[in-house]
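J.: Structure file model_32.cif, mmCIF, C-alpha atoms, is pasted below:
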data_target
loop_
_atom_site.label_atom_id
_atom_site.label_comp_id
_atom_site.auth_asym_id
_atom_site.auth_seq_id
_atom_site.Cartn_x
_atom_site.Cartn_y
_atom_site.Cartn_z
CA MET A 30 -16.46 20.09 -4.72
CA ALA A 31 -14.52 23.29 -4.13
CA GLU A 32 -12.96 24.93 -7.15
CA SER A 33 -9.44 25.48 -5.86
CA GLY A 34 -7.34 25.67 -2.75
CA SER A 35 -7.11 23.08 0.02
CA PHE A 36 -9.37 20.63 1.85
CA ALA A 37 -11.00 23.39 3.90
CA GLU A 38 -12.02 23.59 7.53
CA GLN A 39 -15.48 25.13 7.67
CA PRO A 40 -17.31 26.23 10.82
CA GLN A 41 -20.28 24.25 12.13
CA ARG A 42 -19.16 20.92 10.74
CA LYS A 43 -16.20 18.68 11.30
CA GLU A 44 -14.00 18.25 8.25
CA ILE A 45 -11.25 15.87 9.42
CA TYR A 46 -11.42 12.76 11.61
CA THR A 47 -8.25 11.00 12.78
CA TYR A 48 -7.64 7.54 14.22
CA HIS A 49 -4.24 6.56 15.63
CA ALA A 50 -3.31 2.88 15.29
CA PRO A 51 -0.46 1.20 17.21
CA TRP A 52 1.20 0.18 13.94
CA THR A 53 1.84 1.47 10.42
CA ILE A 54 -1.34 1.34 8.32
CA PHE A 55 -1.21 -0.04 4.79
CA GLY A 56 -4.50 -1.77 3.90
CA LEU A 57 -7.52 0.55 3.78
CA ALA A 58 -11.13 0.10 2.63
CA TRP A 59 -14.49 1.84 3.07
CA ALA A 60 -17.54 -0.29 3.78
CA ARG A 61 -20.06 0.08 0.98
CA ARG A 62 -23.21 -0.58 2.96
CA PRO A 63 -24.86 2.09 5.09
CA ASP A 64 -24.44 1.40 8.81
CA THR A 65 -27.34 2.59 10.95
CA SER A 66 -25.11 2.87 14.02
CA SER A 67 -22.24 4.81 12.49
CA GLN A 68 -21.65 7.32 9.70
CA PHE A 69 -18.30 5.73 8.85
CA LYS A 70 -17.10 2.14 8.75
CA LEU A 71 -13.67 1.27 7.39
CA ALA A 72 -11.18 -1.59 7.60
CA ILE A 73 -7.47 -0.92 8.08
CA GLY A 74 -4.61 -3.41 7.91
CA SER A 75 -1.30 -3.33 9.76
CA TYR A 76 2.08 -3.31 8.08
CA VAL A 77 4.45 -5.11 10.45
CA GLU A 78 7.40 -7.00 8.97
CA GLN A 79 6.59 -10.30 10.64
CA TYR A 80 4.03 -13.10 10.37
CA SER A 81 1.57 -11.72 12.93
CA ASN A 82 -0.46 -8.79 11.63
CA VAL A 83 -4.00 -7.55 12.26
CA VAL A 84 -7.01 -5.97 10.59
CA SER A 85 -9.08 -3.43 12.54
CA ILE A 86 -12.59 -2.20 11.74
CA ILE A 87 -13.01 1.48 12.58
CA LYS A 88 -16.32 3.26 13.13
CA LYS A 89 -17.42 6.74 14.15
CA ASN A 90 -18.88 7.15 17.62
CA PRO A 91 -22.36 8.69 17.18
CA ALA A 92 -22.67 9.50 20.89
CA THR A 93 -20.37 12.51 20.81
CA ASP A 94 -20.75 15.75 18.90
CA GLU A 95 -17.22 15.47 17.61
CA GLY A 96 -17.84 11.87 16.54
CA SER A 97 -14.49 10.36 17.43
CA LEU A 98 -13.33 7.24 15.62
CA TYR A 99 -13.05 3.99 17.56
CA LYS A 100 -12.05 0.35 17.00
CA ALA A 101 -15.21 -1.76 16.62
CA ALA A 102 -13.38 -5.05 15.96
CA GLU A 103 -9.93 -6.48 15.36
CA PHE A 104 -8.74 -9.86 14.10
CA ASP A 105 -5.41 -11.53 13.43
CA HIS A 106 -4.08 -11.74 9.88
CA PRO A 107 -1.01 -13.67 8.70
CA TYR A 108 1.42 -11.22 7.08
CA PRO A 109 0.35 -7.69 6.10
CA CYS A 110 -2.72 -7.41 3.85
CA THR A 111 -1.75 -6.37 0.34
CA LYS A 112 -5.35 -5.19 -0.13
CA ILE A 113 -8.66 -5.07 1.75
CA MET A 114 -12.14 -4.71 0.19
CA TRP A 115 -15.72 -4.94 1.41
CA THR A 116 -18.33 -6.87 -0.55
CA THR A 117 -20.03 -5.19 -3.47
CA ASP A 118 -23.24 -7.16 -2.66
CA MET A 119 -25.80 -4.58 -1.53
CA ARG A 120 -28.79 -6.96 -1.29
CA HIS A 121 -30.75 -6.72 1.94
CA GLY A 122 -30.06 -9.66 4.20
CA SER A 123 -26.84 -10.76 2.49
CA LYS A 124 -23.69 -11.14 4.57
CA ASP A 125 -21.44 -8.12 5.09
CA LEU A 126 -18.26 -9.74 3.81
CA LEU A 127 -14.70 -8.44 3.88
CA ALA A 128 -11.89 -9.83 1.72
CA THR A 129 -8.13 -9.65 2.20
CA THR A 130 -5.12 -10.78 0.22
CA GLY A 131 -1.59 -11.65 1.33
CA ASP A 132 -0.47 -15.26 1.28
CA TYR A 133 -4.04 -16.28 0.30
CA LEU A 134 -7.41 -14.74 -0.53
CA ARG A 135 -9.48 -14.81 2.64
CA ILE A 136 -13.17 -13.95 3.06
CA TRP A 137 -14.44 -12.72 6.44
CA ASN A 138 -18.00 -12.28 7.74
CA VAL A 139 -18.49 -9.08 9.76
CA MET A 140 -21.48 -9.08 12.14
CA ASP A 141 -22.88 -7.01 14.99
CA ASP A 142 -21.88 -8.72 18.23
CA GLY A 143 -25.26 -8.01 19.82
CA SER A 144 -23.80 -6.01 22.71
CA GLY A 145 -25.52 -2.78 21.75
CA ARG A 146 -22.19 -0.95 22.08
CA GLY A 147 -21.50 -0.63 18.36
CA THR A 148 -18.87 -3.36 18.41
CA LEU A 149 -18.56 -6.16 15.86
CA THR A 150 -17.50 -9.77 15.62
CA VAL A 151 -15.58 -11.21 12.67
CA LYS A 152 -15.55 -14.82 11.51
CA LYS A 153 -13.43 -16.32 8.73
CA GLU A 154 -15.70 -17.61 5.96
CA ALA A 155 -13.16 -19.00 3.50
CA LEU A 156 -9.48 -19.39 2.63
CA LEU A 157 -9.04 -19.77 -1.13
CA ASN A 158 -5.98 -21.49 -2.60
CA ASN A 159 -5.72 -22.44 -6.27
CA ASN A 160 -2.54 -24.49 -5.91
CA LYS A 161 -3.82 -28.05 -6.31
CA THR A 162 -0.46 -29.67 -5.54
CA SER A 163 0.48 -27.82 -2.36
CA GLU A 164 -1.04 -26.05 0.61
CA TYR A 165 1.14 -23.07 -0.30
CA CYS A 166 0.57 -20.57 -3.08
CA ALA A 167 2.56 -17.66 -4.49
CA PRO A 168 1.87 -14.39 -2.63
CA LEU A 169 -1.05 -12.34 -3.89
CA THR A 170 -0.33 -8.70 -4.69
CA SER A 171 -3.87 -7.36 -5.04
CA PHE A 172 -7.47 -8.17 -6.02
CA ASP A 173 -10.75 -6.62 -7.09
CA TRP A 174 -14.35 -7.45 -6.21
CA ASN A 175 -16.66 -7.34 -9.22
CA GLU A 176 -19.45 -4.78 -8.77
CA ALA A 177 -21.82 -6.20 -11.39
CA ASP A 178 -21.54 -9.78 -10.05
CA PRO A 179 -20.52 -9.90 -6.35
CA SER A 180 -19.76 -13.62 -6.59
CA ILE A 181 -16.67 -12.80 -8.70
CA VAL A 182 -13.31 -11.81 -7.20
CA GLY A 183 -10.14 -11.55 -9.26
CA THR A 184 -6.66 -11.86 -7.70
CA SER A 185 -3.18 -11.03 -9.02
CA SER A 186 0.01 -12.84 -8.04
CA ILE A 187 3.78 -12.64 -8.25
CA ASP A 188 3.71 -15.94 -10.20
CA THR A 189 2.53 -14.02 -13.36
CA THR A 190 -1.08 -15.24 -13.03
CA CYS A 191 -4.51 -13.79 -12.37
CA THR A 192 -7.19 -16.01 -10.87
CA ILE A 193 -10.93 -15.43 -11.14
CA TRP A 194 -12.78 -16.84 -8.13
CA ASP A 195 -16.41 -17.66 -7.46
CA VAL A 196 -16.69 -16.75 -3.78
CA SER A 197 -20.14 -18.33 -3.49
CA THR A 198 -18.76 -21.79 -4.36
CA GLN A 199 -15.22 -21.00 -3.10
CA GLN A 200 -13.82 -22.38 -6.36
CA ALA A 201 -11.56 -20.88 -9.02
CA ARG A 202 -13.43 -20.21 -12.25
CA THR A 203 -10.25 -19.76 -14.23
CA GLN A 204 -6.56 -18.98 -13.89
CA LEU A 205 -4.51 -17.39 -16.64
CA ILE A 206 -0.92 -16.32 -17.21
CA ALA A 207 -1.53 -12.59 -17.52
CA HIS A 208 1.98 -11.08 -17.77
CA ASP A 209 5.58 -12.02 -18.47
CA ARG A 210 6.58 -11.11 -14.91
CA GLU A 211 4.86 -10.44 -11.57
CA VAL A 212 1.30 -9.08 -11.71
CA PHE A 213 0.87 -6.18 -9.27
CA ASP A 214 -2.78 -5.21 -9.64
CA LEU A 215 -6.09 -6.16 -11.26
CA ALA A 216 -9.26 -4.12 -11.75
CA PHE A 217 -12.68 -4.87 -13.23
CA ALA A 218 -14.45 -2.49 -15.57
CA ARG A 219 -18.06 -1.50 -14.89
CA GLY A 220 -19.53 -4.74 -16.24
CA LYS A 221 -18.82 -8.26 -15.03
CA ASP A 222 -16.66 -9.59 -17.87
CA VAL A 223 -13.85 -7.12 -18.63
CA PHE A 224 -10.83 -6.62 -16.41
CA ALA A 225 -7.32 -5.26 -16.75
CA SER A 226 -4.02 -5.86 -15.00
CA VAL A 227 -0.60 -4.25 -14.58
CA GLY A 228 2.74 -5.73 -13.64
CA ALA A 229 6.50 -5.77 -13.50
CA ASP A 230 6.73 -6.09 -17.30
CA GLY A 231 5.49 -2.49 -17.60
CA SER A 232 2.27 -3.30 -19.47
CA VAL A 233 -1.44 -2.68 -18.98
CA ARG A 234 -3.35 -5.66 -20.38
CA MET A 235 -7.10 -5.98 -20.86
CA PHE A 236 -9.01 -9.29 -20.74
CA ASP A 237 -12.57 -10.47 -21.35
CA LEU A 238 -13.85 -13.46 -19.37
CA ARG A 239 -15.90 -14.51 -22.42
CA SER A 240 -12.76 -14.96 -24.57
CA LEU A 241 -9.69 -15.41 -22.42
CA GLU A 242 -7.55 -16.77 -25.25
CA HIS A 243 -6.96 -13.14 -26.30
CA SER A 244 -5.75 -10.09 -24.41
CA THR A 245 -5.09 -6.51 -25.49
CA ILE A 246 -2.03 -4.53 -24.49
CA ILE A 247 -3.41 -1.05 -23.77
CA TYR A 248 -0.15 0.60 -22.73
CA GLU A 249 3.53 -0.11 -22.13
CA SER A 250 5.59 2.19 -19.94
CA PRO A 251 8.75 3.85 -21.26
CA ASP A 252 11.70 1.47 -20.76
CA LEU A 253 9.11 -1.08 -19.54
CA ASP A 254 9.35 0.20 -15.95
CA PRO A 255 7.02 -1.74 -13.62
CA LEU A 256 3.46 -0.45 -13.23
CA LEU A 257 2.22 -0.80 -9.65
CA ARG A 258 -1.49 0.03 -9.47
CA LEU A 259 -4.50 0.26 -11.76
CA GLU A 260 -7.80 2.04 -11.16
CA TRP A 261 -10.71 1.92 -13.60
CA ASN A 262 -13.03 4.91 -13.91
CA LYS A 263 -16.41 3.37 -13.01
CA GLN A 264 -18.39 6.39 -14.30
CA ASP A 265 -16.68 6.29 -17.70
CA PRO A 266 -15.02 2.90 -18.32
CA ASN A 267 -13.07 4.24 -21.28
CA TYR A 268 -10.56 5.67 -18.80
CA MET A 269 -8.13 4.10 -16.35
CA ALA A 270 -5.25 5.37 -14.23
CA THR A 271 -1.90 3.78 -13.41
CA PHE A 272 1.58 4.78 -12.23
CA MET A 273 5.11 3.43 -12.45
CA VAL A 274 7.34 2.38 -9.58
CA ASP A 275 9.16 5.34 -7.97
CA SER A 276 7.32 7.79 -10.23
CA ARG A 277 5.88 11.20 -9.35
CA ARG A 278 3.39 11.08 -12.22
CA THR A 279 -0.01 9.43 -12.67
CA ILE A 280 -0.82 8.17 -16.17
CA ILE A 281 -4.40 8.48 -17.49
CA LEU A 282 -5.24 6.09 -20.32
CA ASP A 283 -8.11 6.02 -22.82
CA ILE A 284 -8.65 2.39 -23.89
CA ARG A 285 -9.98 3.62 -27.26
CA VAL A 286 -6.56 5.13 -27.98
CA PRO A 287 -4.05 2.49 -26.83
CA SER A 288 -0.33 3.07 -26.27
CA LEU A 289 -0.40 6.82 -25.60
CA PRO A 290 -1.53 8.43 -22.32
CA VAL A 291 -4.38 10.89 -22.74
CA ALA A 292 -3.00 12.83 -19.77
CA GLU A 293 -0.18 12.73 -17.22
CA LEU A 294 -0.63 14.28 -13.79
CA GLY A 295 2.41 15.75 -12.07
CA GLY A 296 2.13 17.87 -8.94
CA HIS A 297 3.81 15.44 -6.54
CA LEU A 298 7.31 15.99 -5.13
CA GLY A 299 7.66 12.32 -4.15
CA CYS A 300 6.60 9.04 -5.72
CA VAL A 301 2.88 8.31 -6.12
CA ASN A 302 1.59 5.48 -3.92
CA SER A 303 -2.16 5.49 -4.49
CA VAL A 304 -4.86 6.80 -6.81
CA ALA A 305 -8.67 6.81 -6.61
CA TRP A 306 -11.32 8.00 -9.06
CA ALA A 307 -14.27 9.91 -7.66
CA PRO A 308 -17.16 7.41 -7.39
CA HIS A 309 -19.73 10.05 -8.39
CA SER A 310 -17.87 11.91 -11.15
CA SER A 311 -16.16 10.74 -14.32
CA CYS A 312 -13.68 13.64 -14.37
CA HIS A 313 -12.28 13.83 -10.82
CA ILE A 314 -9.43 11.77 -9.43
CA CYS A 315 -7.32 11.87 -6.28
CA THR A 316 -3.62 10.98 -6.09
CA ALA A 317 -1.40 10.61 -3.01
CA GLY A 318 2.25 9.92 -2.39
CA ASP A 319 5.51 10.11 -0.50
CA ASP A 320 5.43 13.93 -0.49
CA SER A 321 2.61 13.69 2.11
CA GLN A 322 0.15 15.25 -0.33
CA ALA A 323 -3.30 14.16 -1.45
CA LEU A 324 -4.26 16.01 -4.64
CA ILE A 325 -7.65 16.15 -6.37
CA TRP A 326 -7.65 16.80 -10.11
CA ASP A 327 -10.36 17.98 -12.52
CA LEU A 328 -9.92 16.13 -15.82
CA SER A 329 -12.87 17.74 -17.64
CA THR A 330 -10.50 19.51 -20.08
CA MET A 331 -8.45 16.35 -20.67
CA GLY A 332 -7.46 15.99 -24.31
CA LYS A 333 -8.04 19.69 -24.98
CA ARG A 334 -5.20 21.06 -22.88
CA PRO A 335 -2.65 19.68 -20.39
CA ILE A 336 -3.81 19.16 -16.81
CA GLU A 337 -1.20 21.17 -14.93
CA ASP A 338 -2.52 21.83 -11.42
CA PRO A 339 -4.83 20.08 -8.95
CA ILE A 340 -7.98 21.82 -7.78
CA LEU A 341 -7.55 20.68 -4.17
CA ALA A 342 -4.54 19.78 -2.04
CA TYR A 343 -4.16 18.33 1.44
CA ASN A 344 -0.86 18.07 3.29
CA ALA A 345 -0.67 15.15 5.70
CA GLU A 346 1.90 14.74 8.46
CA GLY A 347 3.67 11.85 6.77
CA GLU A 348 4.11 9.88 3.55
CA ILE A 349 0.67 8.69 2.38
CA ASN A 350 0.61 4.91 1.88
CA ASN A 351 -2.98 4.51 0.77
CA LEU A 352 -6.00 6.51 -0.31
CA GLN A 353 -9.65 5.49 -0.76
CA TRP A 354 -12.66 7.53 -1.91
CA SER A 355 -15.93 6.42 -0.31
CA ALA A 356 -18.40 5.02 -2.86
CA SER A 357 -21.36 5.36 -0.51
CA GLN A 358 -20.40 8.82 0.82
CA PRO A 359 -18.58 10.59 -2.01
CA ASP A 360 -17.95 13.73 0.07
CA TRP A 361 -15.33 11.79 2.03
CA VAL A 362 -11.83 10.52 1.23
CA SER A 363 -9.67 8.46 3.59
CA ILE A 364 -5.87 8.41 3.69
CA ALA A 365 -3.34 6.35 5.63
CA PHE A 366 0.05 7.73 6.67
CA ASN A 367 2.40 6.28 9.28
CA SER A 368 0.08 4.92 11.99
CA ASN A 369 -2.76 7.36 11.21
CA LEU A 370 -6.07 6.99 9.43
CA GLN A 371 -7.58 10.32 8.40
CA ILE A 372 -11.03 10.90 6.92
CA LEU A 373 -11.29 14.17 4.98
CA ARG A 374 -14.35 15.98 3.66
CA VAL A 375 -13.82 17.05 0.06
#
Just give me the structure as structure tokens.

T.:
Amino acid sequence: MAESGSFAEQPQRKEIYTYHAPWTIFGLAWARRPDTSSQFKLAIGSYVEQYSNVVSIIKKNPATDEGSLYKAAEFDHPYPCTKIMWTTDMRHGSKDLLATTGDYLRIWNVMDDGSGRGTLTVKKEALLNNNKTSEYCAPLTSFDWNEADPSIVGTSSIDTTCTIWDVSTQQARTQLIAHDREVFDLAFARGKDVFASVGADGSVRMFDLRSLEHSTIIYESPDLDPLLRLEWNKQDPNYMATFMVDSRRTIILDIRVPSLPVAELGGHLGCVNSVAWAPHSSCHICTAGDDSQALIWDLSTMGKRPIEDPILAYNAEGEINNLQWSASQPDWVSIAFNSNLQILRV
């Protein structure tokens, strides 16, 4: 990790890879498993304001020195994906599953197509709907795949609920009214039982699957402005990050000290759209937003003095819709802006 400056171009090794899609990219996810045929494997989802959307799986071509990115598979998806994630199951021989949310939670099985050309085939494994009285359900805003128990997926919905699914049985384990208004995001802590959510009521609420009759309000935004996203620090689960709608600041919370942020990160000239903790470090986080910037912050002095400036900055060529830090290759961050996917070495 460089100490200051920008995501740097260094000789002898490629630092930035770009893939141009034919549509605006919103959903974005790194595959967690190593792929013997490609250094990178990611899924991207289209944002087209109509029913017909798609998900593409992008890989790096190992046959060229420059390693261009190419489309290894594509499949239709009803409506834009609100989120995409790859399975957290790293067991040898288990299926390489991909999940998406939109109108429903869908699980997809991604397999090599046997052609030897590095292309893939994708088959729908499951469509999960917890509405027992109708084939329709309220739109899902986000979800998280539990790392400690890969059979657990939690979804958030505009109908104020969160649902905990067992993807192995394709059944809902439980559904709870989590907020007073729409729930916009859900994230599990490092273990399998604790998760938190944020929503339009401006609160961060923490739950424990072992005692769902109680929840803890960790934080409420000033004037109860909606909170859009929530990211839990997996290296130090005392910390989480969130941000308000149309806000240029990222709020860092310490769950041991509820109600007051332990830090607030500025630096952006437009509203924040995405945030990702470093998978390998408890004190680094990346934020991205409408000002076309991706900023990496060092939080090691958090609580001792204000965090005023990022240690790294990257200027994209458009408003950044999404940002993901690779868990399996922590030297790489991916961003999505307009119709472009970029992979950046950090």

J.: Atom CA of A:Cys191 and atom CA of A:Ser81 are how many Å apart?

T.: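 The value is 26.1 Å.
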
J.: Can you tell me, as JSON, numbers by chain, what residues are no more than 8 Å from A:Asp283 when counting all atoms listed in the file, ignoring any on the same chain fewer than 3 positions away?

T.: {"A": [267, 268, 269, 286, 287, 290, 291]}

J.: Find the residues around A:Gly220 up to 10 Å (only C-alpha atoms counted), leave out those fewer than 4 positions away in its own chain, and share them as a ChimeraX atom specification.

T.: /A:175-178,224,263,266

J.: Between atom CA of A:Gly231 and atom CA of A:Leu256, what is the distance in Å, rounded to a tenth?

T.: 5.2 Å

J.: Which of these, A:Ser329, A:Thr198, A:Ser232, A:Thr190, has the shortest distance to A:His313 once you count all atoms listed in the file?

T.: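 For A:His313, the nearest of the candidates is A:Ser329.
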
J.: Using the chain letters and numbers from the file, give me the residues hit by the PyMOL selection byres ((chain A and resi 195) around 12), as a list of chain:residue names.

T.: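 That expression, the PyMOL selection byres ((chain A and resi 195) around 12), corresponds here to A:Leu134, A:Ile136, A:Ala155, A:Leu157, A:Asn159, A:Trp174, A:Asn175, A:Asp178, A:Pro179, A:Ser180, A:Ile181, A:Val182, A:Gly183, A:Thr184, A:Thr192, A:Ile193, A:Trp194, A:Val196, A:Ser197, A:Thr198, A:Gln199, A:Gln200, A:Ala201, A:Arg202, A:Thr203, A:Gln204.
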
J.: Report as an MDAnalysis selection string the residues that result from applying the PyMOL selection byres ((chain A and resi 88) around 9) to the structure here.

T.: chainID A and resid 66:72 86:87 89:90 97:101 147:148

J.: Written as a PyMOL selection string, which residues does the PyMOL selection byres ((chain A and resi 348-359) around 8) give for the file shown?

T.: chain A and resi 54-59+61-63+302-309+316-323+345-347+360-367

J.: Any idea what's packed within 7 Å of A:Thr53, counting only C-alpha atoms, ignoring anything in its chain fewer than 5 positions away? Could you give it as JSON, numbers by chain?

T.: {"A": [75, 76, 367, 368]}

J.: For C-alpha atoms, I'd like the residues from the last selection saved as an mmCIF file, in the frame of the given file.

T.:
data_model
loop_
_atom_site.group_PDB
_atom_site.id
_atom_site.type_symbol
_atom_site.label_atom_id
_atom_site.label_comp_id
_atom_site.auth_asym_id
_atom_site.auth_seq_id
_atom_site.Cartn_x
_atom_site.Cartn_y
_atom_site.Cartn_z
ATOM 1 C CA SER A 75 -1.300 -3.330 9.760
ATOM 2 C CA TYR A 76 2.080 -3.310 8.080
ATOM 3 C CA ASN A 367 2.400 6.280 9.280
ATOM 4 C CA SER A 368 0.080 4.920 11.990
#

J.: One decimal, Å: what's the distance from atom CA of A:Arg210 over to atom CA of A:Thr189, could you say?

T.: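 It comes out at 5.2 Å.
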
J.: For A:Asp275, which residue out of A:Glu249, A:Glu293, A:Cys300, A:Trp137 is the nearest one, using only C-alpha atoms?

T.: A:Cys300

J.: Counting all atoms listed in the file, what is within 12 Å of A:Phe104, bar same-chain residues fewer than 6 positions away, as an MDAnalysis selection string?

T.: chainID A and resid 72:75 81:86 127 129 137:139 149:153

J.: Show me the residues around (-4.6, 5.3, 17.5) - criterion: an atom at most 8 Å away, only C-alpha atoms counted - as a VMD selection string.

T.: chain A and resid 48 to 51 368 to 369

J.: With only C-alpha atoms as the counted atoms, please give the residues lying no more than 12 Å from A:Arg239, apart from itself and same-chain residues fewer than 3 positions off, as a VMD selection string.

T.: chain A and resid 202 to 203 221 to 224 236 242 to 244

J.: For A:Thr170, which of A:Thr111, A:Ser226, A:Ser310, A:Asn158 is the closest residue, counting all atoms listed in the file?

T.: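 The answer is A:Thr111, which sits nearest to A:Thr170.
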
J.: Which residue, A:Val301, A:Ala102, A:Cys166, A:Leu324, has the smallest gap to A:Tyr133 when you use only C-alpha atoms?

T.: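 Of all the options, A:Cys166 lies closest to A:Tyr133.
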
J.: From the list A:Leu282, A:Pro109, A:Gln371, A:Asp142, which residue is nearest A:Tyr343 when using all atoms listed in the file?

T.: A:Gln371
